[in-house]
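The structure file structure-v4.pdb is reproduced below (PDB, C-alpha atoms).
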```
ATOM      1  CA  MET A  23     -19.234  61.838 -96.642
ATOM      2  CA  PRO A  24     -21.838  62.987 -99.229
ATOM      3  CA  PHE A  25     -22.521  60.430-101.920
ATOM      4  CA  ASP A  26     -20.784  60.914-105.287
ATOM      5  CA  SER A  27     -21.939  58.370-107.854
ATOM      6  CA  SER A  28     -19.366  59.536-110.428
ATOM      7  CA  THR A  29     -16.489  57.990-108.466
ATOM      8  CA  ASN A  30     -18.038  54.604-107.625
ATOM      9  CA  PRO A  31     -18.570  51.357-109.583
ATOM     10  CA  ALA A  32     -21.930  50.884-111.293
ATOM     11  CA  PHE A  33     -23.169  48.310-108.770
ATOM     12  CA  ILE A  34     -22.967  50.844-105.906
ATOM     13  CA  SER A  35     -26.448  52.276-105.312
ATOM     14  CA  SER A  36     -27.098  55.960-105.938
ATOM     15  CA  GLN A  37     -30.038  55.860-103.505
ATOM     16  CA  VAL A  38     -27.985  56.929-100.485
ATOM     17  CA  SER A  39     -27.588  60.324 -98.828
ATOM     18  CA  GLU A  40     -24.229  59.604 -97.163
ATOM     19  CA  SER A  41     -21.693  56.825 -97.535
ATOM     20  CA  ASP A  42     -18.238  55.643 -96.558
ATOM     21  CA  TYR A  43     -16.662  53.044 -98.864
ATOM     22  CA  PHE A  44     -13.433  51.201 -99.514
ATOM     23  CA  PHE A  45     -12.414  49.400-102.715
ATOM     24  CA  LEU A  46      -9.633  46.815-102.792
ATOM     25  CA  ASP A  47      -9.842  44.303-105.645
ATOM     26  CA  LEU A  48     -12.913  44.483-107.895
ATOM     27  CA  THR A  49     -11.557  41.880-110.359
ATOM     28  CA  PRO A  50      -9.966  39.234-108.131
ATOM     29  CA  HIS A  51      -8.381  36.098-109.539
ATOM     30  CA  PRO A  52     -10.925  33.223-109.307
ATOM     31  CA  ASN A  53      -8.380  30.847-107.758
ATOM     32  CA  GLN A  54      -7.748  33.066-104.739
ATOM     33  CA  PRO A  55      -9.199  31.432-101.599
ATOM     34  CA  PHE A  56     -10.816  34.561-100.102
ATOM     35  CA  THR A  57     -10.645  38.081-101.522
ATOM     36  CA  VAL A  58     -12.544  41.135-100.274
ATOM     37  CA  ALA A  59     -13.575  43.325-103.193
ATOM     38  CA  CYS A  60     -15.118  46.277-101.364
ATOM     39  CA  GLY A  61     -17.320  47.316 -98.477
ATOM     40  CA  GLY A  62     -18.898  50.294 -96.856
ATOM     41  CA  LEU A  63     -21.461  52.033 -94.690
ATOM     42  CA  GLU A  64     -24.574  53.489 -96.341
ATOM     43  CA  TYR A  65     -27.210  55.946 -95.105
ATOM     44  CA  CYS A  66     -30.079  55.077 -97.408
ATOM     45  CA  ASN A  67     -32.713  57.368 -98.882
ATOM     46  CA  PRO A  68     -36.384  56.790 -97.944
ATOM     47  CA  ASN A  69     -36.992  55.273-101.399
ATOM     48  CA  TYR A  70     -33.953  52.963-101.248
ATOM     49  CA  GLN A  71     -34.532  49.734-103.182
ATOM     50  CA  ILE A  72     -32.042  47.240-104.568
ATOM     51  CA  SER A  73     -33.193  44.298-106.677
ATOM     52  CA  ARG A  74     -30.717  41.854-108.230
ATOM     53  CA  GLU A  75     -31.151  38.526-109.960
ATOM     54  CA  GLN A  76     -27.416  37.885-109.714
ATOM     55  CA  PHE A  77     -24.288  39.656-108.500
ATOM     56  CA  ASN A  78     -20.551  39.578-109.136
ATOM     57  CA  TYR A  79     -19.659  38.711-105.537
ATOM     58  CA  TYR A  80     -20.805  37.098-102.338
ATOM     59  CA  GLY A  81     -22.368  39.766-100.132
ATOM     60  CA  MET A  82     -22.745  40.193 -96.377
ATOM     61  CA  GLU A  83     -24.998  42.981 -95.052
ATOM     62  CA  TYR A  84     -25.714  44.167 -91.518
ATOM     63  CA  ILE A  85     -28.511  46.541 -90.474
ATOM     64  CA  VAL A  86     -27.314  49.289 -88.116
ATOM     65  CA  SER A  87     -30.625  51.167 -87.781
ATOM     66  CA  GLY A  88     -33.985  51.466 -89.473
ATOM     67  CA  MET A  89     -36.037  48.708 -91.048
ATOM     68  CA  CYS A  90     -36.253  47.026 -94.428
ATOM     69  CA  ASP A  91     -38.039  44.255 -96.268
ATOM     70  CA  LEU A  92     -35.703  41.572 -97.588
ATOM     71  CA  VAL A  93     -36.449  39.029-100.282
ATOM     72  CA  LEU A  94     -33.756  36.362-100.237
ATOM     73  CA  GLY A  95     -34.305  33.665-102.818
ATOM     74  CA  ASP A  96     -37.977  32.706-102.490
ATOM     75  CA  GLU A  97     -38.463  33.938 -98.904
ATOM     76  CA  SER A  98     -39.433  37.351 -97.519
ATOM     77  CA  TYR A  99     -38.366  38.831 -94.186
ATOM     78  CA  GLN A 100     -38.775  42.023 -92.184
ATOM     79  CA  LEU A 101     -35.426  43.182 -90.795
ATOM     80  CA  LYS A 102     -34.361  45.716 -88.183
ATOM     81  CA  ALA A 103     -31.209  46.824 -86.356
ATOM     82  CA  GLY A 104     -29.031  43.794 -85.611
ATOM     83  CA  SER A 105     -30.136  41.741 -88.633
ATOM     84  CA  ILE A 106     -27.387  40.154 -90.728
ATOM     85  CA  PHE A 107     -27.578  38.109 -93.920
ATOM     86  CA  CYS A 108     -25.505  36.822 -96.832
ATOM     87  CA  TYR A 109     -26.157  35.967-100.449
ATOM     88  CA  ASP A 110     -24.110  34.227-103.118
ATOM     89  CA  PRO A 111     -23.675  35.511-106.689
ATOM     90  CA  HIS A 112     -26.654  33.466-107.920
ATOM     91  CA  THR A 113     -29.194  34.174-105.154
ATOM     92  CA  PRO A 114     -31.831  36.749-106.192
ATOM     93  CA  HIS A 115     -32.279  39.367-103.494
ATOM     94  CA  GLU A 116     -34.204  42.567-102.951
ATOM     95  CA  ILE A 117     -33.801  45.140-100.159
ATOM     96  CA  VAL A 118     -36.474  47.813 -99.692
ATOM     97  CA  ASN A 119     -36.319  50.566 -97.065
ATOM     98  CA  THR A 120     -39.408  50.685 -94.823
ATOM     99  CA  GLY A 121     -40.468  52.615 -91.752
ATOM    100  CA  ASN A 122     -39.816  56.185 -90.670
ATOM    101  CA  VAL A 123     -36.219  55.788 -89.441
ATOM    102  CA  PRO A 124     -33.558  55.973 -92.195
ATOM    103  CA  LEU A 125     -32.036  52.630 -93.100
ATOM    104  CA  VAL A 126     -28.329  52.494 -92.246
ATOM    105  CA  LYS A 127     -26.356  49.391 -93.152
ATOM    106  CA  PHE A 128     -22.899  47.949 -93.640
ATOM    107  CA  PHE A 129     -22.055  45.725 -96.597
ATOM    108  CA  ILE A 130     -19.012  43.645 -97.565
ATOM    109  CA  ASP A 131     -18.517  42.072-100.998
ATOM    110  CA  PHE A 132     -16.041  39.229-101.415
ATOM    111  CA  THR A 133     -15.275  36.168-103.491
ATOM    112  CA  GLY A 134     -12.960  33.165-103.558
ATOM    113  CA  SER A 135     -12.707  29.406-103.705
ATOM    114  CA  SER A 136     -12.968  28.942 -99.916
ATOM    115  CA  VAL A 137     -16.021  31.124 -99.260
ATOM    116  CA  GLU A 138     -18.462  28.202 -99.455
ATOM    117  CA  LYS A 139     -16.269  26.163 -97.121
ATOM    118  CA  HIS A 140     -16.203  28.858 -94.432
ATOM    119  CA  LEU A 141     -19.659  30.413 -94.779
ATOM    120  CA  GLY A 142     -21.730  27.976 -96.795
ATOM    121  CA  GLU A 143     -23.358  25.924 -94.060
ATOM    122  CA  LEU A 144     -24.220  28.950 -91.932
ATOM    123  CA  PHE A 145     -25.288  31.488 -94.548
ATOM    124  CA  LEU A 146     -25.491  30.067 -98.044
ATOM    125  CA  SER A 147     -26.807  26.489 -98.079
ATOM    126  CA  SER A 148     -30.249  27.702 -96.994
ATOM    127  CA  PRO A 149     -30.036  31.514 -97.176
ATOM    128  CA  ARG A 150     -31.775  33.294 -94.295
ATOM    129  CA  PRO A 151     -31.146  36.322 -92.106
ATOM    130  CA  TYR A 152     -30.184  36.171 -88.457
ATOM    131  CA  GLN A 153     -30.773  38.542 -85.566
ATOM    132  CA  MET A 154     -27.866  39.442 -83.296
ATOM    133  CA  PRO A 155     -28.729  40.134 -79.634
ATOM    134  CA  ASN A 156     -25.560  42.147 -78.893
ATOM    135  CA  LEU A 157     -25.513  45.040 -81.346
ATOM    136  CA  ARG A 158     -22.451  46.770 -79.880
ATOM    137  CA  VAL A 159     -20.089  43.867 -80.590
ATOM    138  CA  MET A 160     -21.295  43.502 -84.176
ATOM    139  CA  HIS A 161     -21.145  47.259 -84.813
ATOM    140  CA  GLU A 162     -17.532  47.332 -83.646
ATOM    141  CA  MET A 163     -16.496  44.467 -85.928
ATOM    142  CA  PHE A 164     -18.075  46.043 -89.007
ATOM    143  CA  TYR A 165     -16.509  49.409 -88.193
ATOM    144  CA  GLN A 166     -13.187  47.607 -87.883
ATOM    145  CA  ILE A 167     -13.690  46.147 -91.361
ATOM    146  CA  LEU A 168     -14.471  49.601 -92.740
ATOM    147  CA  GLU A 169     -11.448  51.267 -91.147
ATOM    148  CA  THR A 170      -9.112  48.403 -92.054
ATOM    149  CA  GLY A 171     -10.277  48.424 -95.665
ATOM    150  CA  LYS A 172      -9.811  52.187 -95.946
ATOM    151  CA  ALA A 173      -6.338  52.021 -94.376
ATOM    152  CA  GLY A 174      -5.173  49.252 -96.720
ATOM    153  CA  GLY A 175      -1.725  47.714 -96.265
ATOM    154  CA  ARG A 176       0.042  44.610 -97.511
ATOM    155  CA  ASN A 177      -1.887  42.263 -95.201
ATOM    156  CA  VAL A 178      -5.271  43.953 -95.478
ATOM    157  CA  GLN A 179      -6.876  40.931 -97.181
ATOM    158  CA  GLY A 180      -5.747  38.546 -94.465
ATOM    159  CA  ILE A 181      -6.972  40.832 -91.699
ATOM    160  CA  LEU A 182     -10.371  41.382 -93.338
ATOM    161  CA  THR A 183     -10.807  37.662 -93.958
ATOM    162  CA  GLN A 184     -10.199  36.924 -90.275
ATOM    163  CA  ILE A 185     -12.699  39.594 -89.165
ATOM    164  CA  ILE A 186     -15.352  38.193 -91.512
ATOM    165  CA  LEU A 187     -14.761  34.693 -90.137
ATOM    166  CA  LEU A 188     -14.989  36.107 -86.599
ATOM    167  CA  ILE A 189     -18.339  37.704 -87.503
ATOM    168  CA  ALA A 190     -19.533  34.329 -88.793
ATOM    169  CA  ALA A 191     -18.409  32.662 -85.553
ATOM    170  CA  GLN A 192     -20.315  35.269 -83.530
ATOM    171  CA  VAL A 193     -23.428  34.663 -85.631
ATOM    172  CA  GLU A 194     -23.138  30.905 -85.203
ATOM    173  CA  ASP A 195     -22.686  31.276 -81.438
ATOM    174  CA  LYS A 196     -25.114  34.077 -80.572
ATOM    175  CA  ALA A 197     -27.616  34.781 -83.356
ATOM    176  CA  VAL A 198     -31.133  33.444 -83.758
ATOM    177  CA  ASN A 199     -33.341  33.060 -86.785
ATOM    178  CA  VAL A 200     -35.192  36.321 -87.517
ATOM    179  CA  GLN A 201     -38.611  34.674 -87.116
ATOM    180  CA  GLU A 202     -37.528  32.950 -83.893
ATOM    181  CA  TYR A 203     -36.359  36.286 -82.467
ATOM    182  CA  ALA A 204     -39.968  37.463 -82.116
ATOM    183  CA  SER A 205     -41.173  34.289 -80.380
ATOM    184  CA  GLN A 206     -42.383  34.349 -76.795
ATOM    185  CA  SER A 207     -39.785  31.804 -75.744
ATOM    186  CA  TYR A 208     -36.921  33.986 -76.978
ATOM    187  CA  ILE A 209     -38.408  37.074 -75.318
ATOM    188  CA  THR A 210     -38.554  35.110 -72.060
ATOM    189  CA  TYR A 211     -34.967  33.920 -72.537
ATOM    190  CA  GLU A 212     -33.699  37.480 -73.073
ATOM    191  CA  ARG A 213     -35.550  38.702 -69.993
ATOM    192  CA  CYS A 214     -34.087  35.927 -67.834
ATOM    193  CA  LEU A 215     -30.585  36.426 -69.230
ATOM    194  CA  SER A 216     -30.804  40.159 -68.524
ATOM    195  CA  ILE A 217     -31.756  39.452 -64.902
ATOM    196  CA  ILE A 218     -28.826  37.040 -64.511
ATOM    197  CA  GLN A 219     -26.395  39.577 -65.965
ATOM    198  CA  GLN A 220     -27.665  42.418 -63.768
ATOM    199  CA  ASP A 221     -28.406  40.592 -60.512
ATOM    200  CA  TYR A 222     -25.966  37.654 -60.483
ATOM    201  CA  ARG A 223     -24.371  38.781 -57.209
ATOM    202  CA  GLU A 224     -27.652  38.529 -55.320
ATOM    203  CA  LEU A 225     -29.197  35.559 -57.166
ATOM    204  CA  ARG A 226     -28.888  32.511 -54.919
ATOM    205  CA  SER A 227     -30.276  29.920 -57.316
ATOM    206  CA  ILE A 228     -31.902  29.357 -60.680
ATOM    207  CA  GLY A 229     -35.097  28.461 -58.843
ATOM    208  CA  THR A 230     -35.251  32.039 -57.565
ATOM    209  CA  LEU A 231     -34.867  33.319 -61.126
ATOM    210  CA  ALA A 232     -37.607  30.996 -62.420
ATOM    211  CA  ARG A 233     -40.038  32.178 -59.745
ATOM    212  CA  GLN A 234     -39.180  35.805 -60.502
ATOM    213  CA  CYS A 235     -39.997  35.227 -64.186
ATOM    214  CA  HIS A 236     -43.115  33.111 -63.378
ATOM    215  CA  ILE A 237     -41.890  30.022 -65.216
ATOM    216  CA  SER A 238     -40.793  26.540 -64.160
ATOM    217  CA  THR A 239     -37.121  25.649 -63.704
ATOM    218  CA  GLY A 240     -37.530  22.965 -66.377
ATOM    219  CA  TYR A 241     -38.773  25.485 -68.952
ATOM    220  CA  LEU A 242     -36.025  27.897 -67.946
ATOM    221  CA  SER A 243     -33.390  25.222 -68.572
ATOM    222  CA  ARG A 244     -34.908  24.260 -71.935
ATOM    223  CA  ILE A 245     -34.955  27.778 -73.376
ATOM    224  CA  PHE A 246     -31.372  28.424 -72.236
ATOM    225  CA  LYS A 247     -30.237  25.149 -73.782
ATOM    226  CA  LYS A 248     -31.975  26.151 -77.018
ATOM    227  CA  TYR A 249     -30.744  29.742 -77.297
ATOM    228  CA  ALA A 250     -27.519  29.840 -75.264
ATOM    229  CA  GLY A 251     -26.330  26.263 -75.638
ATOM    230  CA  GLU A 252     -25.721  26.009 -71.885
ATOM    231  CA  SER A 253     -27.705  25.975 -68.675
ATOM    232  CA  PRO A 254     -28.702  29.135 -66.792
ATOM    233  CA  SER A 255     -26.857  27.820 -63.735
ATOM    234  CA  ASP A 256     -23.615  27.574 -65.764
ATOM    235  CA  ILE A 257     -23.965  31.207 -66.833
ATOM    236  CA  LEU A 258     -24.805  32.335 -63.308
ATOM    237  CA  THR A 259     -21.864  30.428 -61.815
ATOM    238  CA  ARG A 260     -19.438  31.766 -64.396
ATOM    239  CA  LEU A 261     -20.461  35.374 -63.716
ATOM    240  CA  LYS A 262     -20.183  34.877 -59.961
ATOM    241  CA  LEU A 263     -16.757  33.254 -60.148
ATOM    242  CA  ASN A 264     -15.420  35.832 -62.563
ATOM    243  CA  ARG A 265     -16.407  38.520 -60.060
ATOM    244  CA  ALA A 266     -14.850  36.426 -57.292
ATOM    245  CA  GLY A 267     -11.526  36.477 -59.171
ATOM    246  CA  GLU A 268     -11.656  40.280 -59.228
ATOM    247  CA  LEU A 269     -12.493  40.489 -55.517
ATOM    248  CA  LEU A 270      -9.695  38.087 -54.561
ATOM    249  CA  LEU A 271      -7.190  40.633 -55.845
ATOM    250  CA  GLN A 272      -8.206  42.877 -52.952
ATOM    251  CA  ASP A 273      -5.964  41.974 -50.022
ATOM    252  CA  ASN A 274      -8.364  43.264 -47.399
ATOM    253  CA  LEU A 275     -11.102  40.735 -48.197
ATOM    254  CA  LEU A 276     -11.247  37.311 -46.577
ATOM    255  CA  ILE A 277     -12.300  34.380 -48.735
ATOM    256  CA  LYS A 278     -15.543  34.020 -46.806
ATOM    257  CA  GLU A 279     -16.245  37.706 -47.459
ATOM    258  CA  VAL A 280     -15.681  37.200 -51.185
ATOM    259  CA  ALA A 281     -18.079  34.251 -51.110
ATOM    260  CA  ASP A 282     -20.718  36.298 -49.319
ATOM    261  CA  ARG A 283     -20.428  39.193 -51.787
ATOM    262  CA  ILE A 284     -21.297  36.967 -54.740
ATOM    263  CA  GLY A 285     -24.151  35.173 -53.016
ATOM    264  CA  TYR A 286     -22.604  32.043 -51.473
ATOM    265  CA  ASP A 287     -23.415  31.467 -47.788
ATOM    266  CA  ASP A 288     -21.001  28.538 -47.491
ATOM    267  CA  PRO A 289     -17.339  29.525 -48.144
ATOM    268  CA  TYR A 290     -16.341  25.849 -48.472
ATOM    269  CA  HIS A 291     -18.913  25.303 -51.227
ATOM    270  CA  PHE A 292     -17.637  28.484 -52.918
ATOM    271  CA  SER A 293     -14.031  27.219 -52.710
ATOM    272  CA  ARG A 294     -14.976  23.892 -54.311
ATOM    273  CA  LEU A 295     -16.789  25.640 -57.161
ATOM    274  CA  PHE A 296     -13.880  28.022 -57.662
ATOM    275  CA  LYS A 297     -11.338  25.185 -57.818
ATOM    276  CA  ASN A 298     -13.498  23.185 -60.235
ATOM    277  CA  HIS A 299     -13.784  26.232 -62.498
ATOM    278  CA  TYR A 300     -10.229  27.620 -62.399
ATOM    279  CA  GLY A 301      -8.213  24.553 -61.418
ATOM    280  CA  MET A 302      -6.938  26.089 -58.165
ATOM    281  CA  SER A 303      -8.335  27.169 -54.828
ATOM    282  CA  PRO A 304      -9.164  30.828 -54.129
ATOM    283  CA  LYS A 305      -6.135  30.996 -51.823
ATOM    284  CA  HIS A 306      -3.734  29.664 -54.462
ATOM    285  CA  PHE A 307      -5.323  31.915 -57.094
ATOM    286  CA  ARG A 308      -4.607  34.984 -54.956
ATOM    287  CA  GLU A 309      -1.046  33.832 -54.240
ATOM    288  CA  SER A 310      -0.281  33.022 -57.899
ATOM    289  CA  VAL A 311      -1.481  36.465 -59.028
ATOM    290  CA  LYS A 312       0.699  38.136 -56.396
ATOM    291  CA  ARG A 313       3.772  36.158 -57.530
ATOM    292  CA  SER A 314       3.207  37.075 -61.172
TER     293      SER A 314
END
```

Can the structure in the file be given as structure tokens, please?
Amino acid sequence: MPFDSSTNPAFISSQVSESDYFFLDLTPHPNQPFTVACGGLEYCNPNYQISREQFNYYGMEYIVSGMCDLVLGDESYQLKAGSIFCYDPHTPHEIVNTGNVPLVKFFIDFTGSSVEKHLGELFLSSPRPYQMPNLRVMHEMFYQILETGKAGGRNVQGILTQIILLIAAQVEDKAVNVQEYASQSYITYERCLSIIQQDYRELRSIGTLARQCHISTGYLSRIFKKYAGESPSDILTRLKLNRAGELLLQDNLLIKEVADRIGYDDPYHFSRLFKNHYGMSPKHFRESVKRS
């Protein structure tokens, strides 16, 4: 909707061309554990600039598109789509639109006695932005916050709190430091992960992947341990066996045919892997699904 500064609180920027906001509790009781005050989606003007020495709430912001310069405390960062950051009421911060693409961003303002407990270590103890690799998932969660806040309801605060904590869990599990995101090792990791996700049916081993990416298997394992928290072989096996579960639901396929379709020459080796992963053999898996 077009921006109308006459209907919004003073802390809402007038430097936006379009916006979509919700307002719930702008003066929450300080003893409440977690209270969302407001949030929204902003399409910023080319000259958009926000500079605050302090703020009434904790803030979480997520860049949908465009670029901006962020000063968070004493550090400066260049952000783009997929960047997410938080600040507490006493952290100076400045956001300046840069580049030729309009800056579009979500924000959520909240407060409460349990905010530091839930978000402090990740976002607030040493404030810094993160970069999310999967933009679609994060977009959907922020849109869910916006729609939930606008709809309201007697349990709106509880629902929004859980979504914010889910966002934090996603950041902790998937995000990387903004500076690290541009490193050669992370670029290599993303390339290798993309190949696994696209070609897992045909990939026979991690050694094949390493040769395809012109790196050693040791280096491949190290960057996956660093950025994914697990080995590339674990990811490859999980994708293969998940596909195997889908194929086993087709009555016309033999188990050895399922194994062959996901890149296992030995059906007995495939059966052992499947049982180790799911706790039952492929045969019993198929039978249990039929019974249910």

Q: Neighbourhood query: residues within 12 Å of (-14.0, 36.3, -92.7), file coordinates, counting all atoms listed in the file; return as a PyMOL selection string.
A: chain A and resi 55-58+80-82+130-134+136-141+163-164+167+178-193

Same residues, C-alpha atoms, output as a PDB file, in the coordinates of the input:
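Listed below is the output, result.pdb:
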```pdb
ATOM      1  CA  PRO A  55      -9.199  31.432-101.599  1.00  0.00           C
ATOM      2  CA  PHE A  56     -10.816  34.561-100.102  1.00  0.00           C
ATOM      3  CA  THR A  57     -10.645  38.081-101.522  1.00  0.00           C
ATOM      4  CA  VAL A  58     -12.544  41.135-100.274  1.00  0.00           C
ATOM      5  CA  TYR A  80     -20.805  37.098-102.338  1.00  0.00           C
ATOM      6  CA  GLY A  81     -22.368  39.766-100.132  1.00  0.00           C
ATOM      7  CA  MET A  82     -22.745  40.193 -96.377  1.00  0.00           C
ATOM      8  CA  ILE A 130     -19.012  43.645 -97.565  1.00  0.00           C
ATOM      9  CA  ASP A 131     -18.517  42.072-100.998  1.00  0.00           C
ATOM     10  CA  PHE A 132     -16.041  39.229-101.415  1.00  0.00           C
ATOM     11  CA  THR A 133     -15.275  36.168-103.491  1.00  0.00           C
ATOM     12  CA  GLY A 134     -12.960  33.165-103.558  1.00  0.00           C
ATOM     13  CA  SER A 136     -12.968  28.942 -99.916  1.00  0.00           C
ATOM     14  CA  VAL A 137     -16.021  31.124 -99.260  1.00  0.00           C
ATOM     15  CA  GLU A 138     -18.462  28.202 -99.455  1.00  0.00           C
ATOM     16  CA  LYS A 139     -16.269  26.163 -97.121  1.00  0.00           C
ATOM     17  CA  HIS A 140     -16.203  28.858 -94.432  1.00  0.00           C
ATOM     18  CA  LEU A 141     -19.659  30.413 -94.779  1.00  0.00           C
ATOM     19  CA  MET A 163     -16.496  44.467 -85.928  1.00  0.00           C
ATOM     20  CA  PHE A 164     -18.075  46.043 -89.007  1.00  0.00           C
ATOM     21  CA  ILE A 167     -13.690  46.147 -91.361  1.00  0.00           C
ATOM     22  CA  VAL A 178      -5.271  43.953 -95.478  1.00  0.00           C
ATOM     23  CA  GLN A 179      -6.876  40.931 -97.181  1.00  0.00           C
ATOM     24  CA  GLY A 180      -5.747  38.546 -94.465  1.00  0.00           C
ATOM     25  CA  ILE A 181      -6.972  40.832 -91.699  1.00  0.00           C
ATOM     26  CA  LEU A 182     -10.371  41.382 -93.338  1.00  0.00           C
ATOM     27  CA  THR A 183     -10.807  37.662 -93.958  1.00  0.00           C
ATOM     28  CA  GLN A 184     -10.199  36.924 -90.275  1.00  0.00           C
ATOM     29  CA  ILE A 185     -12.699  39.594 -89.165  1.00  0.00           C
ATOM     30  CA  ILE A 186     -15.352  38.193 -91.512  1.00  0.00           C
ATOM     31  CA  LEU A 187     -14.761  34.693 -90.137  1.00  0.00           C
ATOM     32  CA  LEU A 188     -14.989  36.107 -86.599  1.00  0.00           C
ATOM     33  CA  ILE A 189     -18.339  37.704 -87.503  1.00  0.00           C
ATOM     34  CA  ALA A 190     -19.533  34.329 -88.793  1.00  0.00           C
ATOM     35  CA  ALA A 191     -18.409  32.662 -85.553  1.00  0.00           C
ATOM     36  CA  GLN A 192     -20.315  35.269 -83.530  1.00  0.00           C
ATOM     37  CA  VAL A 193     -23.428  34.663 -85.631  1.00  0.00           C
TER      38      VAL A 193
END
```

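Here CA of Leu144 in chain A is placed at a distance of 7.1 Å from CA of Glu194 in chain A.
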
Polymer residues at most 8 Å from Cys90 in chain A, all atoms listed in the file, same-chain spacing of 3 or more positions, as a PDB file with C-alpha atoms, in the coordinates of the input:
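Listed below is the output, out_6.pdb:
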```pdb
ATOM      1  CA  GLN A 100     -38.775  42.023 -92.184  1.00  0.00           C
ATOM      2  CA  LEU A 101     -35.426  43.182 -90.795  1.00  0.00           C
ATOM      3  CA  LYS A 102     -34.361  45.716 -88.183  1.00  0.00           C
ATOM      4  CA  ILE A 117     -33.801  45.140-100.159  1.00  0.00           C
ATOM      5  CA  VAL A 118     -36.474  47.813 -99.692  1.00  0.00           C
ATOM      6  CA  ASN A 119     -36.319  50.566 -97.065  1.00  0.00           C
ATOM      7  CA  THR A 120     -39.408  50.685 -94.823  1.00  0.00           C
ATOM      8  CA  GLY A 121     -40.468  52.615 -91.752  1.00  0.00           C
ATOM      9  CA  LEU A 125     -32.036  52.630 -93.100  1.00  0.00           C
TER      10      LEU A 125
END
```

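Distance annotation: of A:Pro149, A:Gly240, A:Pro52, A:Gly285, the residue with the minimal separation from Ser253 in chain A is A:Gly240; atom set is all atoms listed in the file.
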
Using the chain letters and numbers from the file, give me the residues hit by the PyMOL selection byres ((chain A and resi 72) around 9), as a PDB file with C-alpha atoms, keeping the file's coordinate frame.
```pdb
ATOM      1  CA  SER A  35     -26.448  52.276-105.312  1.00  0.00           C
ATOM      2  CA  GLN A  37     -30.038  55.860-103.505  1.00  0.00           C
ATOM      3  CA  TYR A  70     -33.953  52.963-101.248  1.00  0.00           C
ATOM      4  CA  GLN A  71     -34.532  49.734-103.182  1.00  0.00           C
ATOM      5  CA  SER A  73     -33.193  44.298-106.677  1.00  0.00           C
ATOM      6  CA  ARG A  74     -30.717  41.854-108.230  1.00  0.00           C
ATOM      7  CA  HIS A 115     -32.279  39.367-103.494  1.00  0.00           C
ATOM      8  CA  GLU A 116     -34.204  42.567-102.951  1.00  0.00           C
ATOM      9  CA  ILE A 117     -33.801  45.140-100.159  1.00  0.00           C
ATOM     10  CA  VAL A 118     -36.474  47.813 -99.692  1.00  0.00           C
TER      11      VAL A 118
END
```

(Q) Report as a PyMOL selection string all protein, DNA and RNA residues lying within 9 Å of range 223-232 of chain A, evaluated on all atoms listed in the file, omitting residues in the same chain fewer than 3 positions from it. (A) chain A and resi 214+217-218+220+235-242+254-255+258+261-262+265+283-286

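Nearest residue to Lys172 in chain A, choosing from A:Ser205, A:Cys108, A:Asp42, A:Pro151 and counting all atoms listed in the file: A:Asp42.
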
Take every atom of range 29-42 of chain A listed in the file, pad by 5 Å on each side, and give me the axis-aligned box centre and edge lengths in Å, one decimal, as AutoDock Vina command-line options.
```
--center_x -23.3 --center_y 54.3 --center_z -103.9 --size_x 23.5 --size_y 22.0 --size_z 24.7
```

Q | Interatomic distance, CA of Asn122 in chain A to CA of Met160 in chain A (Å, one decimal) | A | 23.4 Å

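Picked out by the PyMOL selection byres ((chain A and resi 208) around 12) when it runs on this file: Gln153, Pro155, Ala197, Val198, Asn199, Val200, Gln201, Glu202, Tyr203, Ala204, Ser205, Gln206, Ser207, Ile209, Thr210, Tyr211, Glu212, Arg213, Cys214, Leu215, Tyr241, Leu242, Arg244, Ile245, Phe246, Lys247, Lys248, Tyr249 and Ala250 of chain A.
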
**Q.** Atom pair CA of Val126 in chain A / CA of Asp195 in chain A: separation (Å)
**A.** 24.5 Å

Q: Given the file shown, determine the residues that the PyMOL selection byres ((chain A and resi 96) around 12) selects; report them as number ranges by chain.
A: A: 75, 92-95, 97-99, 113-116, 148-150

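Each of A:Pro68, A:Met154, A:Leu269, A:Tyr43 was compared to Val123 in chain A using only C-alpha atoms, and A:Pro68 turns out to be the nearest.
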
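Among A:Val86, A:Leu63, A:Ala281, A:Leu270, the residue with the shortest atom-to-atom distance to His306 in chain A, counting all atoms listed in the file, is A:Leu270.
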
**Q.** Within 12 Å of Arg308 in chain A using all atoms listed in the file, minus same-chain residues under 5 positions, as number ranges by chain
**A.** A: 266-277, 280, 296, 300, 302-303, 313-314

Write the residues of the selection above to a file with C-alpha atoms, as a PDB file, keeping the file's coordinate frame.
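Generated output (result06.pdb):
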```pdb
ATOM      1  CA  ALA A 266     -14.850  36.426 -57.292  1.00  0.00           C
ATOM      2  CA  GLY A 267     -11.526  36.477 -59.171  1.00  0.00           C
ATOM      3  CA  GLU A 268     -11.656  40.280 -59.228  1.00  0.00           C
ATOM      4  CA  LEU A 269     -12.493  40.489 -55.517  1.00  0.00           C
ATOM      5  CA  LEU A 270      -9.695  38.087 -54.561  1.00  0.00           C
ATOM      6  CA  LEU A 271      -7.190  40.633 -55.845  1.00  0.00           C
ATOM      7  CA  GLN A 272      -8.206  42.877 -52.952  1.00  0.00           C
ATOM      8  CA  ASP A 273      -5.964  41.974 -50.022  1.00  0.00           C
ATOM      9  CA  ASN A 274      -8.364  43.264 -47.399  1.00  0.00           C
ATOM     10  CA  LEU A 275     -11.102  40.735 -48.197  1.00  0.00           C
ATOM     11  CA  LEU A 276     -11.247  37.311 -46.577  1.00  0.00           C
ATOM     12  CA  ILE A 277     -12.300  34.380 -48.735  1.00  0.00           C
ATOM     13  CA  VAL A 280     -15.681  37.200 -51.185  1.00  0.00           C
ATOM     14  CA  PHE A 296     -13.880  28.022 -57.662  1.00  0.00           C
ATOM     15  CA  TYR A 300     -10.229  27.620 -62.399  1.00  0.00           C
ATOM     16  CA  MET A 302      -6.938  26.089 -58.165  1.00  0.00           C
ATOM     17  CA  SER A 303      -8.335  27.169 -54.828  1.00  0.00           C
ATOM     18  CA  ARG A 313       3.772  36.158 -57.530  1.00  0.00           C
ATOM     19  CA  SER A 314       3.207  37.075 -61.172  1.00  0.00           C
TER      20      SER A 314
END
```
